[in-house]
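Q: Below is a structure I'd like to ask you about.
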Protein chains: 2
Amino acid sequence: MTFQDKLKTAVPSGIGLCVGLDPVVAKMPAKFQSSPTPLFDFCRDLIDATKDFASAYKPNAAFFEVYGADGWQQLKDTVAAIPSDKIKIIDAKRGDIGSTAEAYADALFGYLKGDATTLSPYLGGDAIQPFLKKPEFGGYLLAVTSNPGGADLQELLIDNEPLYLHVVRLAKKLAINQNVGLVVGATRQSLWAKLLETAVDLPLLIPGVGAQGGDPVSLREMLRDYPGVALVNSSRDIIYASQKDDYQSAARDAAAKLSNLLTGK
Amino acid sequence: MTFQDKLKTAVPSGIGLCVGLDPVVAKMPAKFQSSPTPLFDFCRDLIDATKDFASAYKPNAAFFEVYGADGWQQLKDTVAAIPSDKIKIIDAKRGDIGSTAEAYADALFGYLKGDATTLSPYLGGDAIQPFLKKPEFGGYLLAVTSNPGGADLQELLIDNEPLYLHVVRLAKKLAINQNVGLVVGATRQSLWAKLLETAVDLPLLIPGVGAQGGDPVSLREMLRDYPGVALVNSSRDIIYASQKDDYQSAARDAAAKLSNLLTGK
């Protein structure tokens with residue numbers, strides 16, 4: 001199935017919840033502290049708890065890599081625990097040239113079995129293409145990120161147009177397999193009107209809702225007429241909704257609430 | 001020891017050879033094909049063969065990650081096999097926000113025990129700072145990359161100044177611990193004069209010599225009066241100098257030749 005078809009199937013209404021899996025052992029309920037595989041155990045329980053409300057899951061590679069080889073095994077096991085009808089996004093923000101990019105793509109889509117990844121655009125088009133060769137797998141290009149420092153480079157003006165719009169145009173150019181999307185931070189909604197106009201219908205991955213300050217209801221309003229599939233990510237507000245024994249029901253409730261706000265139910 | 005002191009000690013003449021470790025099993029001599037740990041075995045032999053001429057080693061994470069957890073173990077073992085007086089650069093091109101960047105830094109400097117890494121600048125200063133908190137460890141920020149598509153974004157003009165110069169200025173601003181360098185491709189020497197002037201004395205990591213087309217002698221000329229420490233990387237030309245039984249002596253010869261061209265011996 002192409003990435004575009006996977007997206008349409010997983011997100012029939014065009015906007016859906018993505019649960020970010022950023023496992024940090026010190027923030028988990030006590031019982032995980034003594035587990036030999038706490039990252040996997042915790043993520044598996046959170047996937048189980050939220051799957052009725054999530055269209056996608058986004059494990060962030062950094063939180064697994066900090067445990068090295070063992071962390072990578074738990075990342076692989078975590079991806080395998082995501083139900084097959086959900087979009088599996090490995091948040092890795094990779095980017096490198098030629099054969100190196102191909103090795104990264106093999107690691108993310110072949111070894112880890114992700115459906116998509118996040119990509120850094122600074123190296124240009126030929127460093128992104130190796131991730132996009134197969135229509136089954138997608139790449140979300142960083143356009144507007146949710147951190148305050150995002151403006152350092154992204155908002156610099158080139159011929160009166162900020163850099164991030166050049167990234168959006170680069171993404172459009174690379175989208176011959178309909179498998180290129182954009183990362184657009186919910187915290188910077190003042191930039192959105194022009195961005196959505198330029199993106200036309202590219203898929204969006206939207207971090208920054210909740211803990212980082214983005215408002216889901218105004219997000220839904222802005223996306224009302226946008227024809228591309230939007231995945232709105234929340235990590236901390238869901239997976240650490242409770243650090244006590246009720247972590248699963250608290251996560252489920254938080255996922256349900258955000259999903260309902262996004263879809264207007 | 002601070003990263004700056006490590007650099008000065010490892011590269012007393014100010015310019016030195018960095019051997020890039022990009023292990024690809026299919027390109028290795030036959031005897032590695034049946035090894036259970038071919039990436040580590042091959043890299044260890046290459047480090048042994050070239051250590052008299054190399055100031056630094058740069059394993060590229062992608063070629064290890066493609067083997068997942070097992071590859072990460074071999075990456076850790078490879079870094080441990082690099083002599084302690086050499087600079088250990090994990091080429092990972094990471095970049096992410098806040099706590100995620102901290103997790104990546106822990107993975108690269110804590111778990112893998114690298115001295116430095118390569119960093120992608122698109123997310124801005126606050127995504128780079130977590131890698132630079134400790135003066136013992138360094139980050140090389142991508143400024144001008146060696147691939148043809150590098151120009152897609154890097155040469156866009158902002159107030160008549162290309163984007164990569166803004167990245168150089170960002171690096172200068174972040175260099176309070178003297179542990180920020182720049183990645184500058186040897187293939188794009190027409191951009192160098194202005195770049196070196198703006199960088200003032202930042203350390204440089206220079207890929208693109210040899211197989212990619214950069215000329216080491218003209219490089220040496222351009223760097224003659226530059227006060228910062230420059231590491232010139234070569235990967236394929238050295239580690240695949242021969243794919244037969246003489247791979248070690250061929251690699252040693254290639255490293256010696258390039259080192260001599262760079263230092264003018």
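Naming scheme: A, B, ... for chains in displayed order of the structure tokens; residues 1 onward per chain; ligands 1 onward as shown.
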Range 10-212 of chain A: which residues are alpha helix (DSSP H) by DSSP, as JSON, numbers by chain?
A: {"A": [10, 38, 39, 40, 41, 42, 43, 44, 45, 46, 47, 48, 49, 50, 61, 62, 63, 64, 65, 68, 69, 70, 71, 72, 73, 74, 75, 76, 77, 78, 79, 80, 98, 99, 100, 101, 102, 103, 104, 105, 125, 126, 127, 128, 151, 152, 153, 154, 163, 164, 165, 166, 167, 168, 169, 170, 171, 172, 173, 174, 192, 193, 194, 195, 196, 197, 198, 199]}
Q: For Val79 in chain B, work out the shell of residues within 12 Å, counting only C-alpha atoms and skipping chain neighbours fewer than 3 positions away, then give it as a PyMOL selection string.
A: chain B and resi 21+39-40+43-44+47+56-61+64+72-76+82-84+86-91+108-116
Q: Quick one: pull the distance between CA of Pro227 in chain A and CA of Pro12 in chain A, Å, one decimal.
A: 11.8 Å
Q: Up to 8 Å from chain B, what residues of chain A turn up? Count only C-alpha atoms and give them as a ChimeraX atom specification.
A: /A:62-63,65-73,93-97,100-101,103-104,106-108,111-112,120-127,145,147-154,156-159,166-167
Q: Those selected residues, please, written with N, CA and C atoms and delivered as a short mmCIF file (atom, residue, chain, number, x, y, z; two decimals), in the first residue's frame.
A:
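Just written: again38.cif:
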data_model
loop_
_atom_site.label_atom_id
_atom_site.label_comp_id
_atom_site.auth_asym_id
_atom_site.auth_seq_id
_atom_site.Cartn_x
_atom_site.Cartn_y
_atom_site.Cartn_z
N ALA A 62 15.61 9.32 19.78
CA ALA A 62 16.58 9.78 20.77
C ALA A 62 16.43 9.08 22.12
N PHE A 63 15.17 8.90 22.55
CA PHE A 63 14.92 8.35 23.88
C PHE A 63 15.25 6.86 23.96
N GLU A 65 17.86 5.61 21.72
CA GLU A 65 19.30 5.60 21.43
C GLU A 65 20.15 5.84 22.67
N VAL A 66 19.59 6.56 23.63
CA VAL A 66 20.35 6.86 24.84
C VAL A 66 20.69 5.56 25.59
N TYR A 67 19.98 4.47 25.29
CA TYR A 67 20.31 3.15 25.84
C TYR A 67 21.08 2.29 24.83
N GLY A 68 21.54 2.90 23.75
CA GLY A 68 22.41 2.20 22.82
C GLY A 68 21.76 1.01 22.14
N ALA A 69 22.53 -0.07 22.01
CA ALA A 69 22.08 -1.27 21.29
C ALA A 69 20.79 -1.79 21.91
N ASP A 70 20.74 -1.85 23.24
CA ASP A 70 19.56 -2.34 23.93
C ASP A 70 18.35 -1.43 23.64
N GLY A 71 18.59 -0.14 23.60
CA GLY A 71 17.52 0.80 23.28
C GLY A 71 16.99 0.61 21.86
N TRP A 72 17.90 0.33 20.94
CA TRP A 72 17.47 0.10 19.56
C TRP A 72 16.60 -1.15 19.45
N GLN A 73 16.94 -2.18 20.22
CA GLN A 73 16.10 -3.39 20.20
C GLN A 73 14.70 -3.05 20.74
N LYS A 93 14.59 12.66 12.50
CA LYS A 93 15.16 13.90 11.94
C LYS A 93 16.49 13.66 11.26
N ARG A 94 16.57 12.59 10.47
CA ARG A 94 17.79 12.25 9.78
C ARG A 94 17.96 13.12 8.54
N GLY A 95 19.15 13.05 7.96
CA GLY A 95 19.45 13.75 6.73
C GLY A 95 20.93 13.59 6.47
N ASP A 96 21.28 13.05 5.33
CA ASP A 96 22.69 12.90 4.96
C ASP A 96 22.74 12.67 3.46
N ILE A 97 23.95 12.63 2.91
CA ILE A 97 24.06 12.58 1.45
C ILE A 97 24.08 11.14 0.92
N THR A 100 24.73 7.37 2.29
CA THR A 100 24.49 7.44 3.73
C THR A 100 23.00 7.58 4.01
N ALA A 101 22.33 8.42 3.21
CA ALA A 101 20.89 8.58 3.36
C ALA A 101 20.18 7.25 3.05
N ALA A 103 21.39 4.29 3.62
CA ALA A 103 21.58 3.42 4.80
C ALA A 103 20.60 3.82 5.91
N TYR A 104 20.42 5.12 6.12
CA TYR A 104 19.44 5.56 7.13
C TYR A 104 18.03 5.08 6.75
N ASP A 106 17.18 2.51 4.99
CA ASP A 106 17.10 1.06 5.26
C ASP A 106 16.91 0.79 6.75
N ALA A 107 17.61 1.56 7.58
CA ALA A 107 17.50 1.37 9.03
C ALA A 107 16.08 1.67 9.50
N LEU A 108 15.49 2.76 8.99
CA LEU A 108 14.19 3.22 9.47
C LEU A 108 13.03 2.40 8.92
N TYR A 111 14.83 -2.11 8.76
CA TYR A 111 15.07 -2.74 10.06
C TYR A 111 13.96 -2.43 11.07
N LEU A 112 13.66 -1.14 11.24
CA LEU A 112 12.68 -0.75 12.27
C LEU A 112 11.23 -0.91 11.79
N SER A 120 15.45 16.29 8.04
CA SER A 120 15.99 17.63 8.13
C SER A 120 16.35 18.11 6.71
N PRO A 121 15.92 19.33 6.33
CA PRO A 121 16.05 19.74 4.93
C PRO A 121 17.37 20.43 4.57
N TYR A 122 18.24 20.70 5.55
CA TYR A 122 19.37 21.61 5.28
C TYR A 122 20.30 21.12 4.18
N LEU A 123 20.42 19.81 4.00
CA LEU A 123 21.34 19.29 2.98
C LEU A 123 20.77 19.33 1.57
N GLY A 124 19.49 19.68 1.43
CA GLY A 124 18.93 19.83 0.10
C GLY A 124 18.27 18.58 -0.47
N GLY A 125 17.72 18.74 -1.65
CA GLY A 125 16.88 17.72 -2.28
C GLY A 125 17.54 16.37 -2.46
N ASP A 126 18.80 16.34 -2.92
CA ASP A 126 19.41 15.04 -3.21
C ASP A 126 19.73 14.24 -1.95
N ALA A 127 19.67 14.89 -0.79
CA ALA A 127 19.85 14.18 0.47
C ALA A 127 18.52 13.66 1.00
N THR A 145 9.36 24.48 13.04
CA THR A 145 9.42 23.65 14.25
C THR A 145 8.84 24.39 15.45
N ASN A 147 9.89 24.87 18.55
CA ASN A 147 10.76 25.49 19.58
C ASN A 147 10.99 26.98 19.30
N PRO A 148 11.24 27.76 20.35
CA PRO A 148 11.46 29.20 20.16
C PRO A 148 12.60 29.49 19.16
N GLY A 149 13.70 28.72 19.23
CA GLY A 149 14.83 28.95 18.34
C GLY A 149 14.54 28.61 16.89
N GLY A 150 13.38 28.01 16.63
CA GLY A 150 13.02 27.67 15.25
C GLY A 150 13.12 28.86 14.31
N ALA A 151 12.83 30.05 14.85
CA ALA A 151 12.86 31.25 14.01
C ALA A 151 14.28 31.66 13.59
N ASP A 152 15.32 31.17 14.29
CA ASP A 152 16.71 31.59 14.00
C ASP A 152 17.02 31.53 12.51
N LEU A 153 16.73 30.42 11.88
CA LEU A 153 16.96 30.29 10.44
C LEU A 153 15.65 30.26 9.64
N GLN A 154 14.64 29.59 10.19
CA GLN A 154 13.42 29.30 9.41
C GLN A 154 12.68 30.56 8.95
N LEU A 156 14.17 33.59 8.33
CA LEU A 156 14.99 34.53 7.56
C LEU A 156 14.34 34.74 6.20
N LEU A 157 14.38 35.99 5.72
CA LEU A 157 13.67 36.33 4.48
C LEU A 157 14.58 36.25 3.25
N ILE A 158 14.13 35.52 2.26
CA ILE A 158 14.81 35.41 0.97
C ILE A 158 13.83 35.94 -0.08
N ASP A 159 14.17 37.02 -0.74
CA ASP A 159 13.24 37.66 -1.67
C ASP A 159 11.87 37.85 -1.01
N HIS A 166 10.49 28.20 1.31
CA HIS A 166 11.36 27.54 0.33
C HIS A 166 11.45 26.04 0.60
N VAL A 167 11.42 25.69 1.89
CA VAL A 167 11.40 24.27 2.24
C VAL A 167 10.09 23.63 1.77
#
Q: Which residues come within 10 Å of Met28 in chain B, counting only C-alpha atoms, excluding same-chain residues fewer than 6 positions away, as an NGL selection string?
A: :B and (38-39 or 42 or 239-240 or 242-244 or 247)
Q: Store the residues of this selection in a file with N, CA and C atoms, as a PDB file, in the first residue's frame.
A:
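Output file result_6.pdb is given in full below:
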ATOM      1  N   PRO B  38      31.209  -7.878  11.256  1.00  0.00           N
ATOM      2  CA  PRO B  38      32.069  -7.372  10.176  1.00  0.00           C
ATOM      3  C   PRO B  38      32.340  -5.873  10.276  1.00  0.00           C
ATOM      4  N   LEU B  39      31.357  -5.099  10.760  1.00  0.00           N
ATOM      5  CA  LEU B  39      31.540  -3.644  10.818  1.00  0.00           C
ATOM      6  C   LEU B  39      32.672  -3.317  11.784  1.00  0.00           C
ATOM      7  N   PHE B  42      36.235  -4.831  10.567  1.00  0.00           N
ATOM      8  CA  PHE B  42      36.804  -4.062   9.461  1.00  0.00           C
ATOM      9  C   PHE B  42      37.307  -2.708   9.965  1.00  0.00           C
ATOM     10  N   ILE B 239      39.495   3.669   3.142  1.00  0.00           N
ATOM     11  CA  ILE B 239      39.070   2.371   3.703  1.00  0.00           C
ATOM     12  C   ILE B 239      38.799   1.331   2.618  1.00  0.00           C
ATOM     13  N   TYR B 240      38.530   1.784   1.402  1.00  0.00           N
ATOM     14  CA  TYR B 240      38.365   0.828   0.292  1.00  0.00           C
ATOM     15  C   TYR B 240      39.490   0.976  -0.734  1.00  0.00           C
ATOM     16  N   SER B 242      41.925  -0.867  -1.180  1.00  0.00           N
ATOM     17  CA  SER B 242      41.976  -2.198  -1.798  1.00  0.00           C
ATOM     18  C   SER B 242      40.912  -3.064  -1.154  1.00  0.00           C
ATOM     19  N   GLN B 243      40.281  -3.902  -1.961  1.00  0.00           N
ATOM     20  CA  GLN B 243      39.295  -4.830  -1.398  1.00  0.00           C
ATOM     21  C   GLN B 243      39.882  -6.232  -1.326  1.00  0.00           C
ATOM     22  N   LYS B 244      41.192  -6.321  -1.537  1.00  0.00           N
ATOM     23  CA  LYS B 244      41.874  -7.629  -1.473  1.00  0.00           C
ATOM     24  C   LYS B 244      42.592  -7.777  -0.124  1.00  0.00           C
ATOM     25  N   TYR B 247      44.362  -4.908   2.016  1.00  0.00           N
ATOM     26  CA  TYR B 247      43.545  -3.731   2.348  1.00  0.00           C
ATOM     27  C   TYR B 247      44.188  -2.865   3.422  1.00  0.00           C
TER      28      TYR B 247
END
Q: Would you list the contacts of Thr187 in chain B as a list of chain:residue names, taking every protein, DNA or RNA residue within 7 Å and counting only C-alpha atoms, but skipping same-chain residues closer than 6 positions in sequence?
A: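 That gives B:Ser146, B:Gly208, B:Gly213, B:Gly214.
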Q: So which bits of range 66-177 of chain B end up strand (DSSP E) when you DSSP the backbone, as a list in words?
A: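 Answer for range 66-177 of chain B, restricted to strand (DSSP E): Ile87, Lys88, Ile89, Ile90, Asp91, Ala92, Lys93, Arg94, Ala116, Thr117, Thr118, Leu119, Gly138, Gly139, Tyr140, Leu141, Leu142, Ala143, Val144, Leu157, Ile158, Glu161 and Pro162 of chain B.
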Q: Residues as selected, N, CA, C and O atoms, written as a PDB file, in the first residue's frame, can you do that?
A:
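Generated output (selection_31.pdb):
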ATOM      1  N   ILE B  87      40.803  12.300  17.874  1.00  0.00           N
ATOM      2  CA  ILE B  87      39.465  12.858  18.036  1.00  0.00           C
ATOM      3  C   ILE B  87      38.443  11.852  17.482  1.00  0.00           C
ATOM      4  O   ILE B  87      38.587  11.380  16.358  1.00  0.00           O
ATOM      5  N   LYS B  88      37.423  11.562  18.283  1.00  0.00           N
ATOM      6  CA  LYS B  88      36.384  10.598  17.886  1.00  0.00           C
ATOM      7  C   LYS B  88      35.114  11.368  17.533  1.00  0.00           C
ATOM      8  O   LYS B  88      34.424  11.885  18.418  1.00  0.00           O
ATOM      9  N   ILE B  89      34.841  11.453  16.240  1.00  0.00           N
ATOM     10  CA  ILE B  89      33.666  12.211  15.788  1.00  0.00           C
ATOM     11  C   ILE B  89      32.583  11.236  15.335  1.00  0.00           C
ATOM     12  O   ILE B  89      32.796  10.481  14.387  1.00  0.00           O
ATOM     13  N   ILE B  90      31.458  11.232  16.030  1.00  0.00           N
ATOM     14  CA  ILE B  90      30.339  10.404  15.567  1.00  0.00           C
ATOM     15  C   ILE B  90      29.559  11.233  14.550  1.00  0.00           C
ATOM     16  O   ILE B  90      28.942  12.245  14.900  1.00  0.00           O
ATOM     17  N   ASP B  91      29.606  10.814  13.303  1.00  0.00           N
ATOM     18  CA  ASP B  91      28.896  11.565  12.260  1.00  0.00           C
ATOM     19  C   ASP B  91      27.436  11.122  12.273  1.00  0.00           C
ATOM     20  O   ASP B  91      27.082  10.078  11.735  1.00  0.00           O
ATOM     21  N   ALA B  92      26.599  11.907  12.909  1.00  0.00           N
ATOM     22  CA  ALA B  92      25.209  11.501  13.125  1.00  0.00           C
ATOM     23  C   ALA B  92      24.229  12.554  12.619  1.00  0.00           C
ATOM     24  O   ALA B  92      23.061  12.282  12.444  1.00  0.00           O
ATOM     25  N   LYS B  93      24.707  13.761  12.395  1.00  0.00           N
ATOM     26  CA  LYS B  93      23.876  14.861  11.874  1.00  0.00           C
ATOM     27  C   LYS B  93      22.554  14.970  12.617  1.00  0.00           C
ATOM     28  O   LYS B  93      21.510  15.172  12.029  1.00  0.00           O
ATOM     29  N   ARG B  94      22.617  14.886  13.951  1.00  0.00           N
ATOM     30  CA  ARG B  94      21.414  14.967  14.753  1.00  0.00           C
ATOM     31  C   ARG B  94      20.983  16.419  14.933  1.00  0.00           C
ATOM     32  O   ARG B  94      21.744  17.358  14.664  1.00  0.00           O
ATOM     33  N   ALA B 116      32.952  14.275  19.724  1.00  0.00           N
ATOM     34  CA  ALA B 116      32.222  15.303  18.970  1.00  0.00           C
ATOM     35  C   ALA B 116      31.207  14.641  18.054  1.00  0.00           C
ATOM     36  O   ALA B 116      31.236  13.420  17.849  1.00  0.00           O
ATOM     37  N   THR B 117      30.307  15.453  17.519  1.00  0.00           N
ATOM     38  CA  THR B 117      29.337  14.953  16.545  1.00  0.00           C
ATOM     39  C   THR B 117      29.070  16.025  15.507  1.00  0.00           C
ATOM     40  O   THR B 117      29.497  17.181  15.669  1.00  0.00           O
ATOM     41  N   THR B 118      28.392  15.638  14.445  1.00  0.00           N
ATOM     42  CA  THR B 118      27.927  16.606  13.449  1.00  0.00           C
ATOM     43  C   THR B 118      26.476  16.954  13.766  1.00  0.00           C
ATOM     44  O   THR B 118      25.714  16.099  14.215  1.00  0.00           O
ATOM     45  N   LEU B 119      26.098  18.210  13.527  1.00  0.00           N
ATOM     46  CA  LEU B 119      24.774  18.695  13.910  1.00  0.00           C
ATOM     47  C   LEU B 119      24.106  19.435  12.762  1.00  0.00           C
ATOM     48  O   LEU B 119      24.759  20.164  12.021  1.00  0.00           O
ATOM     49  N   GLY B 138      32.351  18.360  21.556  1.00  0.00           N
ATOM     50  CA  GLY B 138      32.164  19.355  20.518  1.00  0.00           C
ATOM     51  C   GLY B 138      31.075  19.010  19.523  1.00  0.00           C
ATOM     52  O   GLY B 138      30.666  17.859  19.387  1.00  0.00           O
ATOM     53  N   GLY B 139      30.601  20.029  18.806  1.00  0.00           N
ATOM     54  CA  GLY B 139      29.625  19.837  17.746  1.00  0.00           C
ATOM     55  C   GLY B 139      30.062  20.579  16.494  1.00  0.00           C
ATOM     56  O   GLY B 139      30.425  21.753  16.574  1.00  0.00           O
ATOM     57  N   TYR B 140      30.046  19.888  15.372  1.00  0.00           N
ATOM     58  CA  TYR B 140      30.331  20.526  14.078  1.00  0.00           C
ATOM     59  C   TYR B 140      28.997  20.779  13.385  1.00  0.00           C
ATOM     60  O   TYR B 140      28.273  19.836  13.037  1.00  0.00           O
ATOM     61  N   LEU B 141      28.691  22.039  13.181  1.00  0.00           N
ATOM     62  CA  LEU B 141      27.422  22.434  12.581  1.00  0.00           C
ATOM     63  C   LEU B 141      27.536  22.376  11.053  1.00  0.00           C
ATOM     64  O   LEU B 141      28.478  22.923  10.482  1.00  0.00           O
ATOM     65  N   LEU B 142      26.571  21.744  10.401  1.00  0.00           N
ATOM     66  CA  LEU B 142      26.576  21.717   8.933  1.00  0.00           C
ATOM     67  C   LEU B 142      26.457  23.145   8.414  1.00  0.00           C
ATOM     68  O   LEU B 142      25.495  23.841   8.721  1.00  0.00           O
ATOM     69  N   ALA B 143      27.424  23.589   7.615  1.00  0.00           N
ATOM     70  CA  ALA B 143      27.347  24.924   7.016  1.00  0.00           C
ATOM     71  C   ALA B 143      27.232  24.771   5.499  1.00  0.00           C
ATOM     72  O   ALA B 143      26.210  25.106   4.906  1.00  0.00           O
ATOM     73  N   VAL B 144      28.294  24.237   4.897  1.00  0.00           N
ATOM     74  CA  VAL B 144      28.317  24.012   3.441  1.00  0.00           C
ATOM     75  C   VAL B 144      28.602  22.525   3.235  1.00  0.00           C
ATOM     76  O   VAL B 144      29.674  22.053   3.606  1.00  0.00           O
ATOM     77  N   LEU B 157      19.960  33.638  -0.760  1.00  0.00           N
ATOM     78  CA  LEU B 157      20.478  34.918  -0.265  1.00  0.00           C
ATOM     79  C   LEU B 157      19.501  35.623   0.667  1.00  0.00           C
ATOM     80  O   LEU B 157      18.345  35.843   0.333  1.00  0.00           O
ATOM     81  N   ILE B 158      20.005  35.995   1.829  1.00  0.00           N
ATOM     82  CA  ILE B 158      19.252  36.764   2.811  1.00  0.00           C
ATOM     83  C   ILE B 158      20.009  38.078   2.999  1.00  0.00           C
ATOM     84  O   ILE B 158      21.154  38.053   3.456  1.00  0.00           O
ATOM     85  N   GLU B 161      23.356  37.947   1.679  1.00  0.00           N
ATOM     86  CA  GLU B 161      24.270  36.992   2.307  1.00  0.00           C
ATOM     87  C   GLU B 161      23.676  35.600   2.273  1.00  0.00           C
ATOM     88  O   GLU B 161      22.539  35.403   2.705  1.00  0.00           O
ATOM     89  N   PRO B 162      24.438  34.620   1.778  1.00  0.00           N
ATOM     90  CA  PRO B 162      23.869  33.272   1.704  1.00  0.00           C
ATOM     91  C   PRO B 162      23.572  32.692   3.090  1.00  0.00           C
ATOM     92  O   PRO B 162      24.224  33.041   4.072  1.00  0.00           O
TER      93      PRO B 162
END
Q: Could you give me, as a list in words, the residues within 9 Å of range 252-256 of chain A, counting only C-alpha atoms and dropping anything in the same chain fewer than 6 positions from it?
A: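 Neighbouring residues, sequence-local ones excluded: Leu17, Val19, Leu46, Asp48, Ala49, Thr50, Lys51, Asp52, Phe53, Ala54, Ser234, Asp237, Ile238, Ile239 and Ala241 of chain A.
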Q: Those selected residues, please, written with N, CA, C and O atoms and delivered as an mmCIF file, in the first residue's frame.
A:
data_model
loop_
_atom_site.group_PDB
_atom_site.id
_atom_site.type_symbol
_atom_site.label_atom_id
_atom_site.label_comp_id
_atom_site.auth_asym_id
_atom_site.auth_seq_id
_atom_site.Cartn_x
_atom_site.Cartn_y
_atom_site.Cartn_z
ATOM 1 N N LEU A 17 -5.163 12.014 15.545
ATOM 2 C CA LEU A 17 -4.223 12.125 16.656
ATOM 3 C C LEU A 17 -3.014 11.213 16.434
ATOM 4 O O LEU A 17 -3.168 10.049 16.064
ATOM 5 N N VAL A 19 0.160 9.849 18.681
ATOM 6 C CA VAL A 19 0.681 9.793 20.050
ATOM 7 C C VAL A 19 2.202 9.669 19.988
ATOM 8 O O VAL A 19 2.737 8.716 19.419
ATOM 9 N N LEU A 46 1.120 1.962 26.695
ATOM 10 C CA LEU A 46 0.506 3.221 26.236
ATOM 11 C C LEU A 46 -0.175 3.051 24.884
ATOM 12 O O LEU A 46 -1.238 3.643 24.631
ATOM 13 N N ASP A 48 -1.517 0.246 23.801
ATOM 14 C CA ASP A 48 -2.735 -0.492 24.163
ATOM 15 C C ASP A 48 -3.827 0.439 24.686
ATOM 16 O O ASP A 48 -4.984 0.327 24.302
ATOM 17 N N ALA A 49 -3.418 1.362 25.529
ATOM 18 C CA ALA A 49 -4.385 2.229 26.217
ATOM 19 C C ALA A 49 -5.018 3.256 25.283
ATOM 20 O O ALA A 49 -6.137 3.702 25.508
ATOM 21 N N THR A 50 -4.284 3.651 24.224
ATOM 22 C CA THR A 50 -4.735 4.793 23.417
ATOM 23 C C THR A 50 -5.184 4.410 22.007
ATOM 24 O O THR A 50 -5.601 5.276 21.244
ATOM 25 N N LYS A 51 -5.111 3.148 21.672
ATOM 26 C CA LYS A 51 -5.272 2.780 20.254
ATOM 27 C C LYS A 51 -6.657 3.072 19.685
ATOM 28 O O LYS A 51 -6.809 3.214 18.481
ATOM 29 N N ASP A 52 -7.672 3.184 20.541
ATOM 30 C CA ASP A 52 -9.003 3.513 20.020
ATOM 31 C C ASP A 52 -9.095 4.959 19.538
ATOM 32 O O ASP A 52 -10.043 5.325 18.834
ATOM 33 N N PHE A 53 -8.128 5.797 19.922
ATOM 34 C CA PHE A 53 -8.218 7.222 19.599
ATOM 35 C C PHE A 53 -7.063 7.727 18.738
ATOM 36 O O PHE A 53 -7.091 8.862 18.277
ATOM 37 N N ALA A 54 -6.043 6.900 18.530
ATOM 38 C CA ALA A 54 -4.857 7.341 17.785
ATOM 39 C C ALA A 54 -4.896 6.835 16.349
ATOM 40 O O ALA A 54 -5.270 5.694 16.089
ATOM 41 N N SER A 234 0.726 14.602 20.142
ATOM 42 C CA SER A 234 0.865 14.950 21.553
ATOM 43 C C SER A 234 1.667 13.839 22.215
ATOM 44 O O SER A 234 1.406 12.656 21.998
ATOM 45 N N ASP A 237 1.552 15.110 27.346
ATOM 46 C CA ASP A 237 0.221 15.247 27.934
ATOM 47 C C ASP A 237 -0.529 13.921 27.964
ATOM 48 O O ASP A 237 -1.455 13.744 28.759
ATOM 49 N N ILE A 238 -0.167 13.021 27.068
ATOM 50 C CA ILE A 238 -0.844 11.721 27.032
ATOM 51 C C ILE A 238 -0.048 10.669 27.800
ATOM 52 O O ILE A 238 -0.563 10.055 28.725
ATOM 53 N N ILE A 239 1.223 10.494 27.443
ATOM 54 C CA ILE A 239 1.927 9.337 28.020
ATOM 55 C C ILE A 239 2.294 9.544 29.490
ATOM 56 O O ILE A 239 2.503 8.573 30.201
ATOM 57 N N ALA A 241 0.213 11.436 31.488
ATOM 58 C CA ALA A 241 -1.009 11.994 32.073
ATOM 59 C C ALA A 241 -1.116 11.617 33.553
ATOM 60 O O ALA A 241 -1.602 12.391 34.368
#
Q: Using only C-alpha atoms, determine which residues lie at most 9 Å from range 194-203 of chain A, disregarding the query and same-chain residues fewer than 5 positions distant; provide the list as an NGL selection string.
A: :A and (4 or 7 or 140 or 164-165 or 168-169 or 171-172 or 175 or 178-184 or 223 or 226-231)
Q: What separation in Å, quoted to one decimal, exists between CA of Ala81 in chain B and CA of Ser55 in chain B?
A: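 CA of Ser55 in chain B lies at a distance of 14.3 Å from CA of Ala81 in chain B.
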